[in-house]
Amino acid sequence: QEAAAVPEYVLTEEHHHVLPHLLALVAEGKVRKRATLVHLDSHHDAGLPSNWNHEDNEHDTQLAHTHINNFLFALGLLEAVEHVIFVEPPWSRQCVSLHNRTKALRLGFIEGAPRVSYDATPAEQRALGGFFDDHQVVDDLAESVTVRFSVVALSDAPSMISKLVGDKADVILDVDLDAYGTTSPGALALRSAGLDPVTIRRLYRLAHDMCVFDEMYDFSQPYKSPNCKEEPLGSGPVTRRKVADELRDVVDSAERASSITWTDARRGAVAATLRPFAQQLQASFNIEEKMKQFIAQPFN
């Protein structure tokens, strides 16, 4: 296919608004069906739409069933895309257990609603379980289309992408602006509770044992390589029982949402970071859930 026949880029305000444009390219034969889509983003966007109108094949109508977090597999259901490759930046911890793996997901419909079936190890299930609502995952589908989902760490992308893409399928490069940096509703809630940006960044790094991504950090190197500068934990370990009562539930929420197992020293560092804001946190509505949301979602 002549590259000149395809637009150099499609720019949209909302990420999922690219769906009708990609469907049109496939319908016009400018991109062959069952293409490979390379997805650069802070979020995997790999959910499933909750419903579908089978009577209307208009591209704009199909867009109405999707959202920013579920349009990729909508493209799979419509057979526009066969392979999604998610390049995950190091500040996103959503798919760590899937790094350098490819999962075959069987997508189909039961009583008109999108459903998915797959096989996974317990470690893989920890990531995949966050993609879909429980009722969307089924043991088997009478009719289905298989979509491959691969996850590549950003530092591994230069060596892995060409192997995964191959030379048979057409390739769509899908880049979200927040691939370069992102916030989350949880972080905004903490700002409203009085926490300053420096403190919020420190909390997120502490929660995930994450590097400081400053101008000296080399993103081409493996995560946790010698160029990784970590947040200091402080001097004294603090067991859960020693965390002040007014902070215990907030700290527990952060720990449960973390991608790692916390040591007493890490728990103490989080508690000490929050201590100056204890009064504001106590006065904030549903702060435990907001903290959990903040730690669970990508932030940089």
# chains A, B, ... in the order shown; residues from 1 in each chain; ligands from 1
$ residues_around --residues "Arg93 of chain A" --least-positions-apart "6" --cutoff "12 Å" --atoms "only C-alpha atoms" --output "ChimeraX atom specification"
/A:42-44,87,99,126-127,130,151,153-154,204-205,207-210,223,257-260,295-300
$ select_by_dssp --residues "segment 41-154 of chain A" --states "helix (DSSP H, G or I)" --output "mmCIF file with N, CA and C atoms, in the first residue's frame"
data_model
loop_
_atom_site.group_PDB
_atom_site.id
_atom_site.type_symbol
_atom_site.label_atom_id
_atom_site.label_comp_id
_atom_site.auth_asym_id
_atom_site.auth_seq_id
_atom_site.Cartn_x
_atom_site.Cartn_y
_atom_site.Cartn_z
ATOM 1 N N HIS A 59 -19.896 4.499 11.881
ATOM 2 C CA HIS A 59 -18.707 4.626 12.713
ATOM 3 C C HIS A 59 -18.940 5.555 13.899
ATOM 4 N N ASP A 60 -19.671 6.639 13.698
ATOM 5 C CA ASP A 60 -19.924 7.568 14.800
ATOM 6 C C ASP A 60 -20.818 6.934 15.862
ATOM 7 N N THR A 61 -21.735 6.071 15.444
ATOM 8 C CA THR A 61 -22.582 5.371 16.411
ATOM 9 C C THR A 61 -21.752 4.395 17.237
ATOM 10 N N GLN A 62 -20.834 3.708 16.590
ATOM 11 C CA GLN A 62 -19.963 2.789 17.320
ATOM 12 C C GLN A 62 -19.083 3.545 18.315
ATOM 13 N N LEU A 63 -18.696 4.753 17.966
ATOM 14 C CA LEU A 63 -17.935 5.584 18.899
ATOM 15 C C LEU A 63 -18.739 5.854 20.163
ATOM 16 N N ALA A 64 -20.056 5.995 20.022
ATOM 17 C CA ALA A 64 -20.900 6.326 21.173
ATOM 18 C C ALA A 64 -20.878 5.233 22.232
ATOM 19 N N PHE A 71 -11.604 1.660 24.024
ATOM 20 C CA PHE A 71 -11.800 1.710 22.571
ATOM 21 C C PHE A 71 -10.883 0.754 21.804
ATOM 22 N N LEU A 72 -9.771 0.326 22.424
ATOM 23 C CA LEU A 72 -8.834 -0.531 21.692
ATOM 24 C C LEU A 72 -9.450 -1.889 21.371
ATOM 25 N N PHE A 73 -10.096 -2.499 22.362
ATOM 26 C CA PHE A 73 -10.698 -3.803 22.098
ATOM 27 C C PHE A 73 -12.010 -3.673 21.325
ATOM 28 N N ALA A 74 -12.592 -2.481 21.303
ATOM 29 C CA ALA A 74 -13.701 -2.237 20.382
ATOM 30 C C ALA A 74 -13.202 -2.367 18.941
ATOM 31 N N LEU A 75 -12.018 -1.841 18.683
ATOM 32 C CA LEU A 75 -11.408 -2.008 17.356
ATOM 33 C C LEU A 75 -11.137 -3.479 17.070
ATOM 34 N N GLY A 76 -10.805 -4.239 18.118
ATOM 35 C CA GLY A 76 -10.610 -5.675 17.951
ATOM 36 C C GLY A 76 -11.908 -6.396 17.634
ATOM 37 N N LEU A 77 -12.973 -6.043 18.333
ATOM 38 C CA LEU A 77 -14.277 -6.653 18.075
ATOM 39 C C LEU A 77 -14.723 -6.427 16.634
ATOM 40 N N VAL A 96 2.791 -4.354 34.909
ATOM 41 C CA VAL A 96 4.156 -4.823 35.148
ATOM 42 C C VAL A 96 4.247 -6.340 35.030
ATOM 43 N N SER A 97 3.247 -7.059 35.546
ATOM 44 C CA SER A 97 3.287 -8.525 35.500
ATOM 45 C C SER A 97 3.100 -9.077 34.092
ATOM 46 N N LEU A 98 2.789 -8.212 33.124
ATOM 47 C CA LEU A 98 2.625 -8.633 31.730
ATOM 48 C C LEU A 98 3.773 -8.185 30.836
ATOM 49 N N PRO A 122 -1.718 -16.841 37.659
ATOM 50 C CA PRO A 122 -2.124 -15.941 38.744
ATOM 51 C C PRO A 122 -1.475 -14.563 38.655
ATOM 52 N N ALA A 123 -0.199 -14.506 38.261
ATOM 53 C CA ALA A 123 0.480 -13.211 38.143
ATOM 54 C C ALA A 123 -0.135 -12.378 37.016
ATOM 55 N N GLU A 124 -0.429 -13.022 35.891
ATOM 56 C CA GLU A 124 -1.045 -12.302 34.775
ATOM 57 C C GLU A 124 -2.454 -11.845 35.135
ATOM 58 N N GLN A 125 -3.161 -12.660 35.901
ATOM 59 C CA GLN A 125 -4.529 -12.318 36.270
ATOM 60 C C GLN A 125 -4.590 -11.070 37.132
ATOM 61 N N ARG A 126 -3.542 -10.800 37.920
ATOM 62 C CA ARG A 126 -3.529 -9.585 38.749
ATOM 63 C C ARG A 126 -3.621 -8.338 37.883
ATOM 64 N N ALA A 127 -3.014 -8.385 36.700
ATOM 65 C CA ALA A 127 -3.117 -7.244 35.780
ATOM 66 C C ALA A 127 -4.401 -7.310 34.966
ATOM 67 N N LEU A 128 -4.665 -8.465 34.360
ATOM 68 C CA LEU A 128 -5.831 -8.590 33.488
ATOM 69 C C LEU A 128 -7.137 -8.409 34.258
ATOM 70 N N ASP A 134 -16.100 -7.825 36.333
ATOM 71 C CA ASP A 134 -16.156 -9.271 36.587
ATOM 72 C C ASP A 134 -17.131 -9.985 35.659
ATOM 73 N N HIS A 135 -18.300 -9.377 35.417
ATOM 74 C CA HIS A 135 -19.312 -10.058 34.609
ATOM 75 C C HIS A 135 -18.939 -10.116 33.129
ATOM 76 N N GLN A 136 -17.910 -9.350 32.715
ATOM 77 C CA GLN A 136 -17.513 -9.366 31.304
ATOM 78 C C GLN A 136 -16.596 -10.540 30.967
ATOM 79 N N LEU A 154 8.930 0.535 28.386
ATOM 80 C CA LEU A 154 9.472 1.577 27.509
ATOM 81 C C LEU A 154 10.942 1.335 27.187
#
$ closest_residue --among "A:Pro197, A:Gly234, A:Pro276, A:Pro89" --to "Ala179 of chain A" --atoms "only C-alpha atoms"
A:Pro89
$ atom_distance --atom1 "atom CA of Trp262 of chain A" --atom2 "atom CA of Ser284 of chain A"
25.1 Å
$ closest_residue --among "A:Gly268, A:Pro226, A:Pro232, A:Gly29" --to "Ala80 of chain A" --atoms "only C-alpha atoms"
A:Gly29
$ residues_around --residues "Ser144 of chain A" --least-positions-apart "3" --cutoff "10 Å" --atoms "only C-alpha atoms" --output "PDB file with all heavy atoms, in the first residue's frame"
ATOM      1  N   LEU A  77     -12.973  -6.043  18.333  1.00  0.00           N
ATOM      2  CA  LEU A  77     -14.277  -6.653  18.075  1.00  0.00           C
ATOM      3  C   LEU A  77     -14.723  -6.427  16.634  1.00  0.00           C
ATOM      4  O   LEU A  77     -15.373  -7.277  16.026  1.00  0.00           O
ATOM      5  CB  LEU A  77     -15.317  -6.076  19.040  1.00  0.00           C
ATOM      6  CG  LEU A  77     -15.351  -6.655  20.450  1.00  0.00           C
ATOM      7  CD1 LEU A  77     -16.171  -5.760  21.374  1.00  0.00           C
ATOM      8  CD2 LEU A  77     -15.925  -8.075  20.440  1.00  0.00           C
ATOM      9  N   LEU A 105      -6.538 -12.899  23.718  1.00  0.00           N
ATOM     10  CA  LEU A 105      -7.842 -12.631  24.316  1.00  0.00           C
ATOM     11  C   LEU A 105      -8.927 -12.943  23.291  1.00  0.00           C
ATOM     12  O   LEU A 105      -8.860 -12.479  22.151  1.00  0.00           O
ATOM     13  CB  LEU A 105      -7.939 -11.170  24.754  1.00  0.00           C
ATOM     14  CG  LEU A 105      -6.825 -10.665  25.680  1.00  0.00           C
ATOM     15  CD1 LEU A 105      -7.025  -9.186  25.990  1.00  0.00           C
ATOM     16  CD2 LEU A 105      -6.778 -11.465  26.961  1.00  0.00           C
ATOM     17  N   ARG A 106      -9.899 -13.720  23.694  1.00  0.00           N
ATOM     18  CA  ARG A 106     -11.006 -14.079  22.805  1.00  0.00           C
ATOM     19  C   ARG A 106     -12.172 -13.141  23.101  1.00  0.00           C
ATOM     20  O   ARG A 106     -12.712 -13.137  24.218  1.00  0.00           O
ATOM     21  CB  ARG A 106     -11.388 -15.541  23.021  1.00  0.00           C
ATOM     22  CG  ARG A 106     -10.248 -16.509  22.695  1.00  0.00           C
ATOM     23  CD  ARG A 106     -10.584 -17.956  22.978  1.00  0.00           C
ATOM     24  NE  ARG A 106     -10.723 -18.225  24.415  1.00  0.00           N
ATOM     25  CZ  ARG A 106      -9.696 -18.420  25.249  1.00  0.00           C
ATOM     26  NH1 ARG A 106      -8.446 -18.369  24.791  1.00  0.00           N
ATOM     27  NH2 ARG A 106      -9.923 -18.685  26.517  1.00  0.00           N
ATOM     28  N   LEU A 107     -12.551 -12.349  22.111  1.00  0.00           N
ATOM     29  CA  LEU A 107     -13.602 -11.353  22.265  1.00  0.00           C
ATOM     30  C   LEU A 107     -14.840 -11.772  21.492  1.00  0.00           C
ATOM     31  O   LEU A 107     -14.755 -12.263  20.365  1.00  0.00           O
ATOM     32  CB  LEU A 107     -13.125  -9.988  21.757  1.00  0.00           C
ATOM     33  CG  LEU A 107     -11.800  -9.444  22.310  1.00  0.00           C
ATOM     34  CD1 LEU A 107     -11.477  -8.104  21.652  1.00  0.00           C
ATOM     35  CD2 LEU A 107     -11.855  -9.303  23.816  1.00  0.00           C
ATOM     36  N   GLY A 108     -16.002 -11.563  22.093  1.00  0.00           N
ATOM     37  CA  GLY A 108     -17.246 -11.895  21.424  1.00  0.00           C
ATOM     38  C   GLY A 108     -18.428 -11.270  22.143  1.00  0.00           C
ATOM     39  O   GLY A 108     -18.262 -10.315  22.922  1.00  0.00           O
ATOM     40  N   PHE A 109     -19.606 -11.795  21.877  1.00  0.00           N
ATOM     41  CA  PHE A 109     -20.830 -11.222  22.444  1.00  0.00           C
ATOM     42  C   PHE A 109     -21.677 -12.322  23.079  1.00  0.00           C
ATOM     43  O   PHE A 109     -21.742 -13.446  22.580  1.00  0.00           O
ATOM     44  CB  PHE A 109     -21.660 -10.519  21.368  1.00  0.00           C
ATOM     45  CG  PHE A 109     -20.957  -9.345  20.731  1.00  0.00           C
ATOM     46  CD1 PHE A 109     -20.223  -9.518  19.563  1.00  0.00           C
ATOM     47  CD2 PHE A 109     -21.033  -8.088  21.304  1.00  0.00           C
ATOM     48  CE1 PHE A 109     -19.578  -8.442  18.972  1.00  0.00           C
ATOM     49  CE2 PHE A 109     -20.393  -7.010  20.718  1.00  0.00           C
ATOM     50  CZ  PHE A 109     -19.663  -7.183  19.554  1.00  0.00           C
ATOM     51  N   ARG A 115     -18.047  -9.540  25.584  1.00  0.00           N
ATOM     52  CA  ARG A 115     -17.496 -10.411  26.610  1.00  0.00           C
ATOM     53  C   ARG A 115     -16.095 -10.861  26.189  1.00  0.00           C
ATOM     54  O   ARG A 115     -15.741 -10.809  25.014  1.00  0.00           O
ATOM     55  CB  ARG A 115     -18.390 -11.631  26.841  1.00  0.00           C
ATOM     56  CG  ARG A 115     -19.777 -11.291  27.408  1.00  0.00           C
ATOM     57  CD  ARG A 115     -19.679 -10.768  28.830  1.00  0.00           C
ATOM     58  NE  ARG A 115     -20.983 -10.526  29.438  1.00  0.00           N
ATOM     59  CZ  ARG A 115     -21.554  -9.318  29.517  1.00  0.00           C
ATOM     60  NH1 ARG A 115     -20.923  -8.259  28.992  1.00  0.00           N
ATOM     61  NH2 ARG A 115     -22.721  -9.161  30.100  1.00  0.00           N
ATOM     62  N   VAL A 116     -15.311 -11.319  27.160  1.00  0.00           N
ATOM     63  CA  VAL A 116     -13.936 -11.742  26.886  1.00  0.00           C
ATOM     64  C   VAL A 116     -13.657 -13.045  27.611  1.00  0.00           C
ATOM     65  O   VAL A 116     -14.187 -13.305  28.698  1.00  0.00           O
ATOM     66  CB  VAL A 116     -12.925 -10.649  27.325  1.00  0.00           C
ATOM     67  CG1 VAL A 116     -13.037 -10.369  28.829  1.00  0.00           C
ATOM     68  CG2 VAL A 116     -11.499 -11.040  26.961  1.00  0.00           C
ATOM     69  N   SER A 117     -12.826 -13.867  26.994  1.00  0.00           N
ATOM     70  CA  SER A 117     -12.380 -15.118  27.592  1.00  0.00           C
ATOM     71  C   SER A 117     -10.877 -15.227  27.373  1.00  0.00           C
ATOM     72  O   SER A 117     -10.369 -14.871  26.305  1.00  0.00           O
ATOM     73  CB  SER A 117     -13.111 -16.306  26.950  1.00  0.00           C
ATOM     74  OG  SER A 117     -12.651 -17.532  27.478  1.00  0.00           O
ATOM     75  N   ASP A 140     -16.144 -19.303  28.260  1.00  0.00           N
ATOM     76  CA  ASP A 140     -16.124 -19.698  26.857  1.00  0.00           C
ATOM     77  C   ASP A 140     -17.079 -18.823  26.054  1.00  0.00           C
ATOM     78  O   ASP A 140     -18.020 -18.236  26.600  1.00  0.00           O
ATOM     79  CB  ASP A 140     -16.542 -21.165  26.719  1.00  0.00           C
ATOM     80  CG  ASP A 140     -16.156 -21.746  25.367  1.00  0.00           C
ATOM     81  OD1 ASP A 140     -15.301 -21.148  24.687  1.00  0.00           O
ATOM     82  OD2 ASP A 140     -16.706 -22.800  24.993  1.00  0.00           O
ATOM     83  N   LEU A 141     -16.820 -18.734  24.752  1.00  0.00           N
ATOM     84  CA  LEU A 141     -17.663 -17.974  23.836  1.00  0.00           C
ATOM     85  C   LEU A 141     -17.969 -18.839  22.629  1.00  0.00           C
ATOM     86  O   LEU A 141     -17.068 -19.469  22.058  1.00  0.00           O
ATOM     87  CB  LEU A 141     -16.943 -16.694  23.382  1.00  0.00           C
ATOM     88  CG  LEU A 141     -16.800 -15.584  24.432  1.00  0.00           C
ATOM     89  CD1 LEU A 141     -15.717 -14.589  24.010  1.00  0.00           C
ATOM     90  CD2 LEU A 141     -18.123 -14.855  24.619  1.00  0.00           C
ATOM     91  N   VAL A 147      -7.787 -11.443  19.723  1.00  0.00           N
ATOM     92  CA  VAL A 147      -6.944 -10.245  19.668  1.00  0.00           C
ATOM     93  C   VAL A 147      -5.755 -10.471  20.587  1.00  0.00           C
ATOM     94  O   VAL A 147      -5.926 -10.832  21.755  1.00  0.00           O
ATOM     95  CB  VAL A 147      -7.719  -8.986  20.106  1.00  0.00           C
ATOM     96  CG1 VAL A 147      -6.790  -7.774  20.176  1.00  0.00           C
ATOM     97  CG2 VAL A 147      -8.868  -8.720  19.134  1.00  0.00           C
TER      98      VAL A 147
END
$ closest_residue --among "A:Ile110, A:Val152, A:Cys228, A:Leu22" --to "Met216 of chain A" --atoms "only C-alpha atoms"
A:Cys228
$ closest_residue --among "A:Pro90, A:Arg34, A:Thr261, A:Ala24" --to "Tyr217 of chain A" --atoms "only C-alpha atoms"
A:Pro90
$ closest_residue --among "A:Gly186, A:Pro158, A:Gly166, A:Pro114" --to "Val145 of chain A" --atoms "only C-alpha atoms"
A:Pro114
$ atom_distance --atom1 "atom CA of Asp139 of chain A" --atom2 "atom CA of Thr36 of chain A"
26.0 Å
$ residues_around --residues "Val31 of chain A" --least-positions-apart "5" --cutoff "7 Å" --atoms "only C-alpha atoms" --output "PyMOL selection string"
chain A and resi 25-26+170
$ residues_around --residues "Leu233 of chain A" --least-positions-apart "6" --cutoff "10 Å" --atoms "only C-alpha atoms" --output "list in words"
Leu206, Asp209, Asp264, Ala265, Arg266, Arg267, Gly268, Ala269, Val270, Ala272 and Thr273 of chain A
$ write_last_selection --atoms "N, CA, C and O atoms" --output "PDB file, in the first residue's frame"
ATOM      1  N   LEU A 206       7.251   6.812  46.670  1.00  0.00           N
ATOM      2  CA  LEU A 206       7.411   5.938  47.832  1.00  0.00           C
ATOM      3  C   LEU A 206       6.508   4.717  47.735  1.00  0.00           C
ATOM      4  O   LEU A 206       6.910   3.596  48.034  1.00  0.00           O
ATOM      5  N   ASP A 209       8.060   2.360  45.145  1.00  0.00           N
ATOM      6  CA  ASP A 209       9.520   2.245  45.093  1.00  0.00           C
ATOM      7  C   ASP A 209      10.018   2.679  43.718  1.00  0.00           C
ATOM      8  O   ASP A 209      10.730   1.956  43.018  1.00  0.00           O
ATOM      9  N   ASP A 264       8.446  -1.999  56.742  1.00  0.00           N
ATOM     10  CA  ASP A 264       8.105  -1.051  57.802  1.00  0.00           C
ATOM     11  C   ASP A 264       8.724   0.316  57.525  1.00  0.00           C
ATOM     12  O   ASP A 264       8.127   1.358  57.814  1.00  0.00           O
ATOM     13  N   ALA A 265       9.928   0.321  56.953  1.00  0.00           N
ATOM     14  CA  ALA A 265      10.588   1.590  56.659  1.00  0.00           C
ATOM     15  C   ALA A 265       9.803   2.393  55.629  1.00  0.00           C
ATOM     16  O   ALA A 265       9.664   3.617  55.737  1.00  0.00           O
ATOM     17  N   ARG A 266       9.269   1.714  54.632  1.00  0.00           N
ATOM     18  CA  ARG A 266       8.486   2.420  53.602  1.00  0.00           C
ATOM     19  C   ARG A 266       7.176   2.934  54.197  1.00  0.00           C
ATOM     20  O   ARG A 266       6.743   4.037  53.907  1.00  0.00           O
ATOM     21  N   ARG A 267       6.540   2.107  55.024  1.00  0.00           N
ATOM     22  CA  ARG A 267       5.303   2.533  55.684  1.00  0.00           C
ATOM     23  C   ARG A 267       5.561   3.764  56.557  1.00  0.00           C
ATOM     24  O   ARG A 267       4.772   4.715  56.574  1.00  0.00           O
ATOM     25  N   GLY A 268       6.679   3.746  57.261  1.00  0.00           N
ATOM     26  CA  GLY A 268       7.025   4.891  58.095  1.00  0.00           C
ATOM     27  C   GLY A 268       7.299   6.143  57.292  1.00  0.00           C
ATOM     28  O   GLY A 268       6.921   7.252  57.700  1.00  0.00           O
ATOM     29  N   ALA A 269       7.943   5.977  56.113  1.00  0.00           N
ATOM     30  CA  ALA A 269       8.239   7.138  55.277  1.00  0.00           C
ATOM     31  C   ALA A 269       6.956   7.766  54.741  1.00  0.00           C
ATOM     32  O   ALA A 269       6.823   8.993  54.684  1.00  0.00           O
ATOM     33  N   VAL A 270       5.987   6.929  54.356  1.00  0.00           N
ATOM     34  CA  VAL A 270       4.706   7.448  53.873  1.00  0.00           C
ATOM     35  C   VAL A 270       3.970   8.168  55.003  1.00  0.00           C
ATOM     36  O   VAL A 270       3.433   9.267  54.823  1.00  0.00           O
ATOM     37  N   ALA A 272       5.240   9.544  57.691  1.00  0.00           N
ATOM     38  CA  ALA A 272       5.934  10.791  58.035  1.00  0.00           C
ATOM     39  C   ALA A 272       5.674  11.874  56.999  1.00  0.00           C
ATOM     40  O   ALA A 272       5.564  13.061  57.328  1.00  0.00           O
ATOM     41  N   THR A 273       5.566  11.491  55.725  1.00  0.00           N
ATOM     42  CA  THR A 273       5.284  12.457  54.662  1.00  0.00           C
ATOM     43  C   THR A 273       3.883  13.035  54.807  1.00  0.00           C
ATOM     44  O   THR A 273       3.643  14.215  54.521  1.00  0.00           O
TER      45      THR A 273
END
$ atom_distance --atom1 "atom CA of Phe149 of chain A" --atom2 "atom CA of Leu48 of chain A"
13.3 Å
$ residues_around --residues "Leu274 of chain A" --least-positions-apart "5" --cutoff "10 Å" --atoms "only C-alpha atoms" --output "ChimeraX atom specification"
/A:195,199-200,203,247,250-251,268-269,279,281
$ select_by_dssp --residues "segment 71-235 of chain A" --states "strand (DSSP E or B)" --output "NGL selection string"
:A and (81-88 or 99 or 101-110 or 113-117 or 137 or 145-153 or 171-175 or 211 or 230)
